file input20.cif (mmCIF, C-alpha atoms and all ligand atoms)
data_upload
#
loop_
_atom_site.label_atom_id
_atom_site.label_comp_id
_atom_site.auth_asym_id
_atom_site.auth_seq_id
_atom_site.Cartn_x
_atom_site.Cartn_y
_atom_site.Cartn_z
CA MET A 1 20.36 -29.73 -1.92
CA MET A 2 20.85 -26.33 -3.52
CA ILE A 3 21.26 -26.24 -7.28
CA SER A 4 23.72 -23.60 -8.46
CA LEU A 5 24.74 -22.67 -11.97
CA VAL A 6 28.35 -21.56 -12.45
CA VAL A 7 29.08 -19.71 -15.67
CA ALA A 8 31.30 -17.10 -17.30
CA ALA A 9 29.39 -15.14 -19.94
CA SER A 10 30.15 -12.04 -22.00
CA GLU A 11 27.95 -8.93 -22.19
CA ASN A 12 25.99 -10.64 -25.01
CA ASN A 13 25.70 -13.88 -22.98
CA ALA A 14 28.24 -15.73 -25.14
CA ILE A 15 29.85 -18.69 -23.38
CA GLY A 16 31.59 -20.67 -26.12
CA GLN A 17 32.56 -21.18 -29.72
CA ASP A 18 33.66 -24.35 -31.56
CA ASN A 19 33.27 -26.27 -28.27
CA SER A 20 35.86 -24.09 -26.52
CA LEU A 21 35.86 -21.16 -24.13
CA LEU A 22 36.26 -17.63 -25.52
CA TRP A 23 38.80 -16.18 -23.05
CA LYS A 24 41.51 -17.02 -20.56
CA LEU A 25 40.82 -15.64 -17.08
CA PRO A 26 43.09 -17.40 -14.56
CA ASN A 27 41.35 -15.73 -11.58
CA ASP A 28 38.02 -17.08 -12.76
CA MET A 29 39.50 -20.59 -13.03
CA LYS A 30 40.74 -20.25 -9.43
CA PHE A 31 37.34 -19.02 -8.28
CA PHE A 32 35.67 -21.97 -10.05
CA LYS A 33 38.07 -24.50 -8.52
CA ASN A 34 37.67 -23.15 -4.97
CA LEU A 35 33.90 -22.99 -5.28
CA THR A 36 33.36 -26.50 -6.64
CA TRP A 37 36.16 -28.47 -4.94
CA GLY A 38 34.84 -31.64 -3.27
CA MET A 39 31.35 -31.12 -4.68
CA PRO A 40 29.28 -32.70 -7.47
CA VAL A 41 29.52 -30.89 -10.81
CA ILE A 42 26.93 -31.57 -13.51
CA MET A 43 27.76 -31.02 -17.18
CA GLY A 44 26.61 -31.88 -20.67
CA ARG A 45 28.49 -34.41 -22.79
CA LYS A 46 29.85 -31.66 -25.09
CA THR A 47 31.33 -29.69 -22.19
CA PHE A 48 32.94 -32.90 -20.93
CA ALA A 49 34.34 -33.46 -24.46
CA SER A 50 35.71 -29.88 -24.42
CA MET A 51 37.81 -30.92 -21.39
CA ALA A 52 39.33 -33.78 -23.45
CA SER A 53 36.86 -36.09 -21.63
CA LYS A 54 38.98 -35.87 -18.46
CA PRO A 55 37.18 -35.38 -15.14
CA LEU A 56 37.85 -32.31 -13.03
CA PRO A 57 40.02 -33.52 -10.17
CA GLY A 58 38.65 -33.50 -6.60
CA ARG A 59 35.03 -33.39 -7.74
CA ILE A 60 32.29 -35.87 -8.66
CA ASN A 61 31.81 -35.32 -12.40
CA ILE A 62 28.24 -36.10 -13.44
CA VAL A 63 28.04 -36.14 -17.24
CA ILE A 64 24.68 -36.08 -19.03
CA SER A 65 24.21 -37.83 -22.37
CA ARG A 66 21.30 -39.53 -24.05
CA ASN A 67 23.81 -42.30 -24.83
CA PRO A 68 25.86 -42.43 -21.62
CA GLU A 69 27.30 -45.83 -22.59
CA VAL A 70 29.60 -43.99 -25.05
CA LEU A 71 31.31 -42.18 -22.16
CA PRO A 72 34.64 -43.71 -21.15
CA ILE A 73 34.49 -45.51 -17.78
CA GLN A 74 36.62 -43.43 -15.42
CA GLU A 75 36.93 -42.86 -11.70
CA ASN A 76 34.89 -39.84 -10.54
CA VAL A 77 32.79 -39.79 -13.74
CA TRP A 78 29.16 -40.64 -13.11
CA PRO A 79 27.14 -40.90 -16.34
CA ALA A 80 23.49 -39.83 -16.34
CA ASN A 81 20.97 -40.26 -19.15
CA THR A 82 18.57 -37.49 -18.08
CA LEU A 83 18.78 -34.28 -16.09
CA GLU A 84 16.61 -35.88 -13.37
CA HIS A 85 19.05 -38.80 -13.18
CA ALA A 86 21.96 -36.34 -12.85
CA LEU A 87 20.24 -34.54 -9.97
CA GLU A 88 19.46 -37.86 -8.27
CA LEU A 89 23.14 -38.83 -8.48
CA ALA A 90 24.17 -35.42 -7.09
CA ARG A 91 21.72 -35.85 -4.17
CA SER A 92 23.15 -39.30 -3.43
CA SER A 93 26.52 -37.60 -2.72
CA ASP A 94 24.92 -35.98 0.37
CA CYS A 95 26.47 -32.60 -0.53
CA LEU A 96 24.47 -29.48 0.29
CA GLU A 97 25.04 -27.88 -3.10
CA ALA A 98 25.40 -29.22 -6.66
CA PHE A 99 27.02 -27.13 -9.37
CA VAL A 100 25.74 -27.12 -12.94
CA ILE A 101 28.79 -26.15 -15.00
CA GLY A 102 27.45 -26.07 -18.56
CA GLY A 103 27.19 -25.91 -21.37
CA GLY A 104 24.50 -23.94 -23.15
CA GLU A 105 21.97 -26.77 -23.52
CA ILE A 106 22.28 -27.78 -19.88
CA TYR A 107 22.10 -24.20 -18.55
CA LYS A 108 18.91 -23.61 -20.57
CA GLN A 109 17.27 -26.62 -18.94
CA CYS A 110 18.55 -25.88 -15.42
CA ILE A 111 17.93 -22.15 -15.01
CA ALA A 112 14.28 -22.90 -14.15
CA ILE A 113 15.32 -25.03 -11.17
CA ALA A 114 18.40 -23.07 -10.07
CA ASP A 115 18.55 -21.58 -6.58
CA ARG A 116 21.67 -19.56 -7.31
CA ILE A 117 23.78 -18.41 -10.25
CA TYR A 118 27.49 -17.68 -9.92
CA MET A 119 28.00 -15.46 -12.95
CA THR A 120 31.39 -14.16 -14.04
CA ARG A 121 30.37 -11.36 -16.37
CA VAL A 122 33.13 -10.77 -18.90
CA HIS A 123 33.11 -7.19 -20.14
CA ALA A 124 33.40 -7.91 -23.87
CA ARG A 125 31.09 -8.95 -26.71
CA TYR A 126 31.48 -12.02 -28.93
CA PRO A 127 29.07 -11.73 -31.86
CA ASP A 128 30.53 -14.86 -33.53
CA ALA A 129 30.03 -17.14 -30.54
CA ASP A 130 27.85 -20.22 -31.08
CA THR A 131 26.80 -21.01 -27.51
CA PHE A 132 24.97 -18.70 -25.11
CA PHE A 133 23.71 -18.49 -21.54
CA PRO A 134 19.99 -17.75 -21.23
CA ALA A 135 19.01 -14.24 -20.10
CA ILE A 136 18.59 -14.00 -16.33
CA ASP A 137 15.08 -12.84 -15.42
CA ASP A 138 15.67 -10.17 -12.78
CA SER A 139 12.16 -10.62 -11.41
CA LEU A 140 13.24 -14.17 -10.44
CA PHE A 141 16.88 -13.61 -9.41
CA ARG A 142 18.59 -10.75 -7.55
CA ILE A 143 22.29 -9.96 -7.29
CA GLU A 144 23.33 -10.42 -3.67
CA ASN A 145 27.06 -9.92 -4.12
CA ALA A 146 29.32 -8.45 -6.84
CA ILE A 147 33.06 -7.83 -7.12
CA ASP A 148 34.53 -5.83 -10.02
CA MET A 149 37.86 -7.00 -11.40
CA SER A 150 40.06 -4.97 -13.75
CA ALA A 151 41.94 -6.22 -16.78
CA ASP A 152 45.65 -6.72 -16.11
CA GLU A 153 48.66 -8.43 -17.69
CA LYS A 154 47.08 -11.89 -17.08
CA HIS A 155 43.49 -10.91 -17.86
CA ALA A 156 42.78 -9.28 -21.22
CA GLN A 157 39.17 -8.45 -20.26
CA ALA A 158 37.73 -6.75 -17.18
CA TYR A 159 35.12 -8.93 -15.46
CA ARG A 160 32.77 -9.04 -12.50
CA PHE A 161 31.98 -11.85 -10.07
CA GLU A 162 28.23 -11.77 -9.43
CA THR A 163 26.19 -14.02 -7.16
CA TRP A 164 22.52 -14.14 -8.10
CA GLN A 165 20.05 -15.62 -5.63
CA ARG A 166 16.54 -16.76 -6.50
CA VAL A 167 14.07 -14.28 -5.02
CA GLY A 168 12.54 -15.68 -1.84
CA HIS A 169 15.28 -18.28 -1.28
CA THR A 170 17.60 -17.94 1.69
CA THR A 171 21.36 -18.42 1.43
CA LEU A 172 23.12 -21.46 2.94
N1 LIG A 201 31.70 -20.04 -20.34
C1 LIG A 201 31.30 -21.03 -19.54
O1 LIG A 201 31.12 -20.83 -18.35
C2 LIG A 201 31.12 -22.40 -20.12
C3 LIG A 201 30.87 -23.48 -19.27
C4 LIG A 201 30.68 -24.75 -19.85
C5 LIG A 201 30.73 -24.91 -21.22
N2 LIG A 201 30.97 -23.82 -22.00
C6 LIG A 201 30.99 -23.96 -23.47
O2 LIG A 201 29.71 -24.42 -23.89
C7 LIG A 201 29.87 -25.15 -25.10
C8 LIG A 201 29.20 -26.53 -24.94
O3 LIG A 201 27.80 -26.33 -24.69
P1 LIG A 201 26.68 -27.05 -25.60
O4 LIG A 201 25.39 -26.36 -25.38
O5 LIG A 201 27.18 -27.16 -26.99
O6 LIG A 201 26.67 -28.54 -25.03
P2 LIG A 201 26.46 -29.14 -23.55
O7 LIG A 201 25.28 -28.47 -22.90
O8 LIG A 201 27.76 -29.15 -22.82
O9 LIG A 201 26.12 -30.66 -23.90
C9 LIG A 201 25.04 -30.98 -24.72
C10 LIG A 201 24.85 -32.48 -24.66
O10 LIG A 201 24.35 -32.86 -23.38
C11 LIG A 201 23.46 -33.96 -23.53
N3 LIG A 201 22.14 -33.53 -23.05
C12 LIG A 201 21.59 -32.28 -23.03
N4 LIG A 201 20.38 -32.30 -22.46
C13 LIG A 201 20.14 -33.59 -22.13
C14 LIG A 201 19.05 -34.24 -21.50
N5 LIG A 201 17.95 -33.58 -21.09
N6 LIG A 201 19.12 -35.59 -21.31
C15 LIG A 201 20.22 -36.28 -21.70
N7 LIG A 201 21.29 -35.71 -22.29
C16 LIG A 201 21.25 -34.37 -22.50
C17 LIG A 201 23.45 -34.33 -25.00
O11 LIG A 201 24.50 -35.26 -25.14
P3 LIG A 201 24.46 -36.45 -26.26
O12 LIG A 201 24.57 -35.74 -27.57
O13 LIG A 201 25.62 -37.33 -25.92
O14 LIG A 201 23.12 -37.13 -26.07
C18 LIG A 201 23.82 -33.01 -25.66
O15 LIG A 201 24.37 -33.17 -26.95
C19 LIG A 201 31.38 -25.24 -25.35
O16 LIG A 201 31.75 -24.17 -26.25
C20 LIG A 201 31.98 -24.97 -23.99
O17 LIG A 201 33.28 -24.45 -24.07
C21 LIG A 201 31.17 -22.58 -21.49
#
call {"tool": "encode", "arguments": {"input": "input20.cif", "output": "structure tokens", "more": "lines below"}}
Ligand SMILES: NC(=O)c1ccc[n+]([C@@H]2O[C@H](COP(=O)([O-])OP(=O)(O)OC[C@H]3O[C@@H](n4cnc5c(N)ncnc54)[C@H](OP(=O)(O)O)[C@@H]3O)[C@@H](O)[C@H]2O)c1
result
Amino acid sequence: MMISLVVAASENNAIGQDNSLLWKLPNDMKFFKNLTWGMPVIMGRKTFASMASKPLPGRINIVISRNPEVLPIQENVWPANTLEHALELARSSDCLEAFVIGGGEIYKQCIAIADRIYMTRVHARYPDADTFFPAIDDSLFRIENAIDMSADEKHAQAYRFETWQRVGHTTL
């Protein structure tokens, strides 16, 4: 099973503030939905809380917490009490790829084991953000695909879809 991180981060690697996202990019939401549909998504308890503790439809939502018993019992929500447990649950789904979807704490722990990073780079800076994506080491990951997107009436910021692949790993 491939482990992929999916993230939208600003030029200064900001990803969130006050347990919310920093921008509205409808095309990025569409990209995220198409990419992850039908697949296991792994997230931290705070990211799950930021979605009003409602699972993403059409996906297996694996939520990591040191106290998973506090998570509401819901269809398509699989609680995990460690990262290893979350990965084991994702593997049990028999999917070829699992998507780690945040937040900052979970990305920091998973970047070491990631095969691929789907990075939406938002061309803006958020110095007041409180949650960040770790720097990508470009000796370990290489960009294999990038698409530049301009700002428009629905997207206040320009952004870029980048796919980073771990050096030495082949694509699916
Ligand atoms: N821009 C993006 O792409 C993106 C994506 C996702 C989220 N975000 C943003 O990121 C922010 C949330 O990120 P965050 O770093 O504050 O929190 P987080 O990573 O979503 O969740 C942290 C929580 O996960 C649990 N956890 C972490 N490591 C664990 C481990 N090894 N074993 C068991 N449980 C573990 C703990 O839950 P307990 O406290 O319950 O033990 C911890 O408090 C929000 O602002 C959100 O909007 C942005």
call {"tool": "residues_near_ligand", "arguments": {"input": "input20.cif", "ligand": "ligand LIG 201 (chain A)", "cutoff": "6 Å", "atoms": "all atoms listed in the file", "output": "JSON list (two decimals) with C-alpha atoms, in the coordinates of the input"}}
result
[["chain", "number", "residue", "atom", "x", "y", "z"],
["A", 7, "VAL", "CA", 29.08, -19.71, -15.67],
["A", 8, "ALA", "CA", 31.30, -17.10, -17.30],
["A", 9, "ALA", "CA", 29.39, -15.14, -19.94],
["A", 15, "ILE", "CA", 29.85, -18.69, -23.38],
["A", 16, "GLY", "CA", 31.59, -20.67, -26.12],
["A", 17, "GLN", "CA", 32.56, -21.18, -29.72],
["A", 18, "ASP", "CA", 33.66, -24.35, -31.56],
["A", 19, "ASN", "CA", 33.27, -26.27, -28.27],
["A", 20, "SER", "CA", 35.86, -24.09, -26.52],
["A", 21, "LEU", "CA", 35.86, -21.16, -24.13],
["A", 43, "MET", "CA", 27.76, -31.02, -17.18],
["A", 44, "GLY", "CA", 26.61, -31.88, -20.67],
["A", 45, "ARG", "CA", 28.49, -34.41, -22.79],
["A", 46, "LYS", "CA", 29.85, -31.66, -25.09],
["A", 47, "THR", "CA", 31.33, -29.69, -22.19],
["A", 50, "SER", "CA", 35.71, -29.88, -24.42],
["A", 64, "ILE", "CA", 24.68, -36.08, -19.03],
["A", 65, "SER", "CA", 24.21, -37.83, -22.37],
["A", 66, "ARG", "CA", 21.30, -39.53, -24.05],
["A", 67, "ASN", "CA", 23.81, -42.30, -24.83],
["A", 81, "ASN", "CA", 20.97, -40.26, -19.15],
["A", 82, "THR", "CA", 18.57, -37.49, -18.08],
["A", 83, "LEU", "CA", 18.78, -34.28, -16.09],
["A", 101, "ILE", "CA", 28.79, -26.15, -15.00],
["A", 102, "GLY", "CA", 27.45, -26.07, -18.56],
["A", 103, "GLY", "CA", 27.19, -25.91, -21.37],
["A", 104, "GLY", "CA", 24.50, -23.94, -23.15],
["A", 105, "GLU", "CA", 21.97, -26.77, -23.52],
["A", 106, "ILE", "CA", 22.28, -27.78, -19.88],
["A", 131, "THR", "CA", 26.80, -21.01, -27.51]]
call {"tool": "closest_residue", "arguments": {"input": "input20.cif", "among": "A:Asn145, A:Thr120, A:Ser53, A:Ser150", "to": "A:Phe31", "atoms": "all atoms listed in the file"}}
result
A:Thr120
call {"tool": "residues_around", "arguments": {"input": "input20.cif", "residues": "stretch 57-62 of chain A", "least_positions_apart": "4", "cutoff": "12 Å", "atoms": "all atoms listed in the file", "output": "number ranges by chain"}}
result
A: 32-45, 47-48, 51, 53, 68, 71, 73-95, 98-102
call {"tool": "residues_near_point", "arguments": {"input": "input20.cif", "point": "(28.2, -11.5, -8.2)", "cutoff": "9 Å", "atoms": "all atoms listed in the file", "output": "list in words"}}
result
Ile117, Tyr118, Met119, Thr120, Arg121, Ile143, Glu144, Asn145, Ala146, Ile147, Asp148, Arg160, Phe161, Glu162, Thr163 and Trp164 of chain A
call {"tool": "atom_distance", "arguments": {"input": "input20.cif", "atom1": "atom CA of A:Ala156", "atom2": "atom CA of A:Asp28"}}
result
12.5 Å
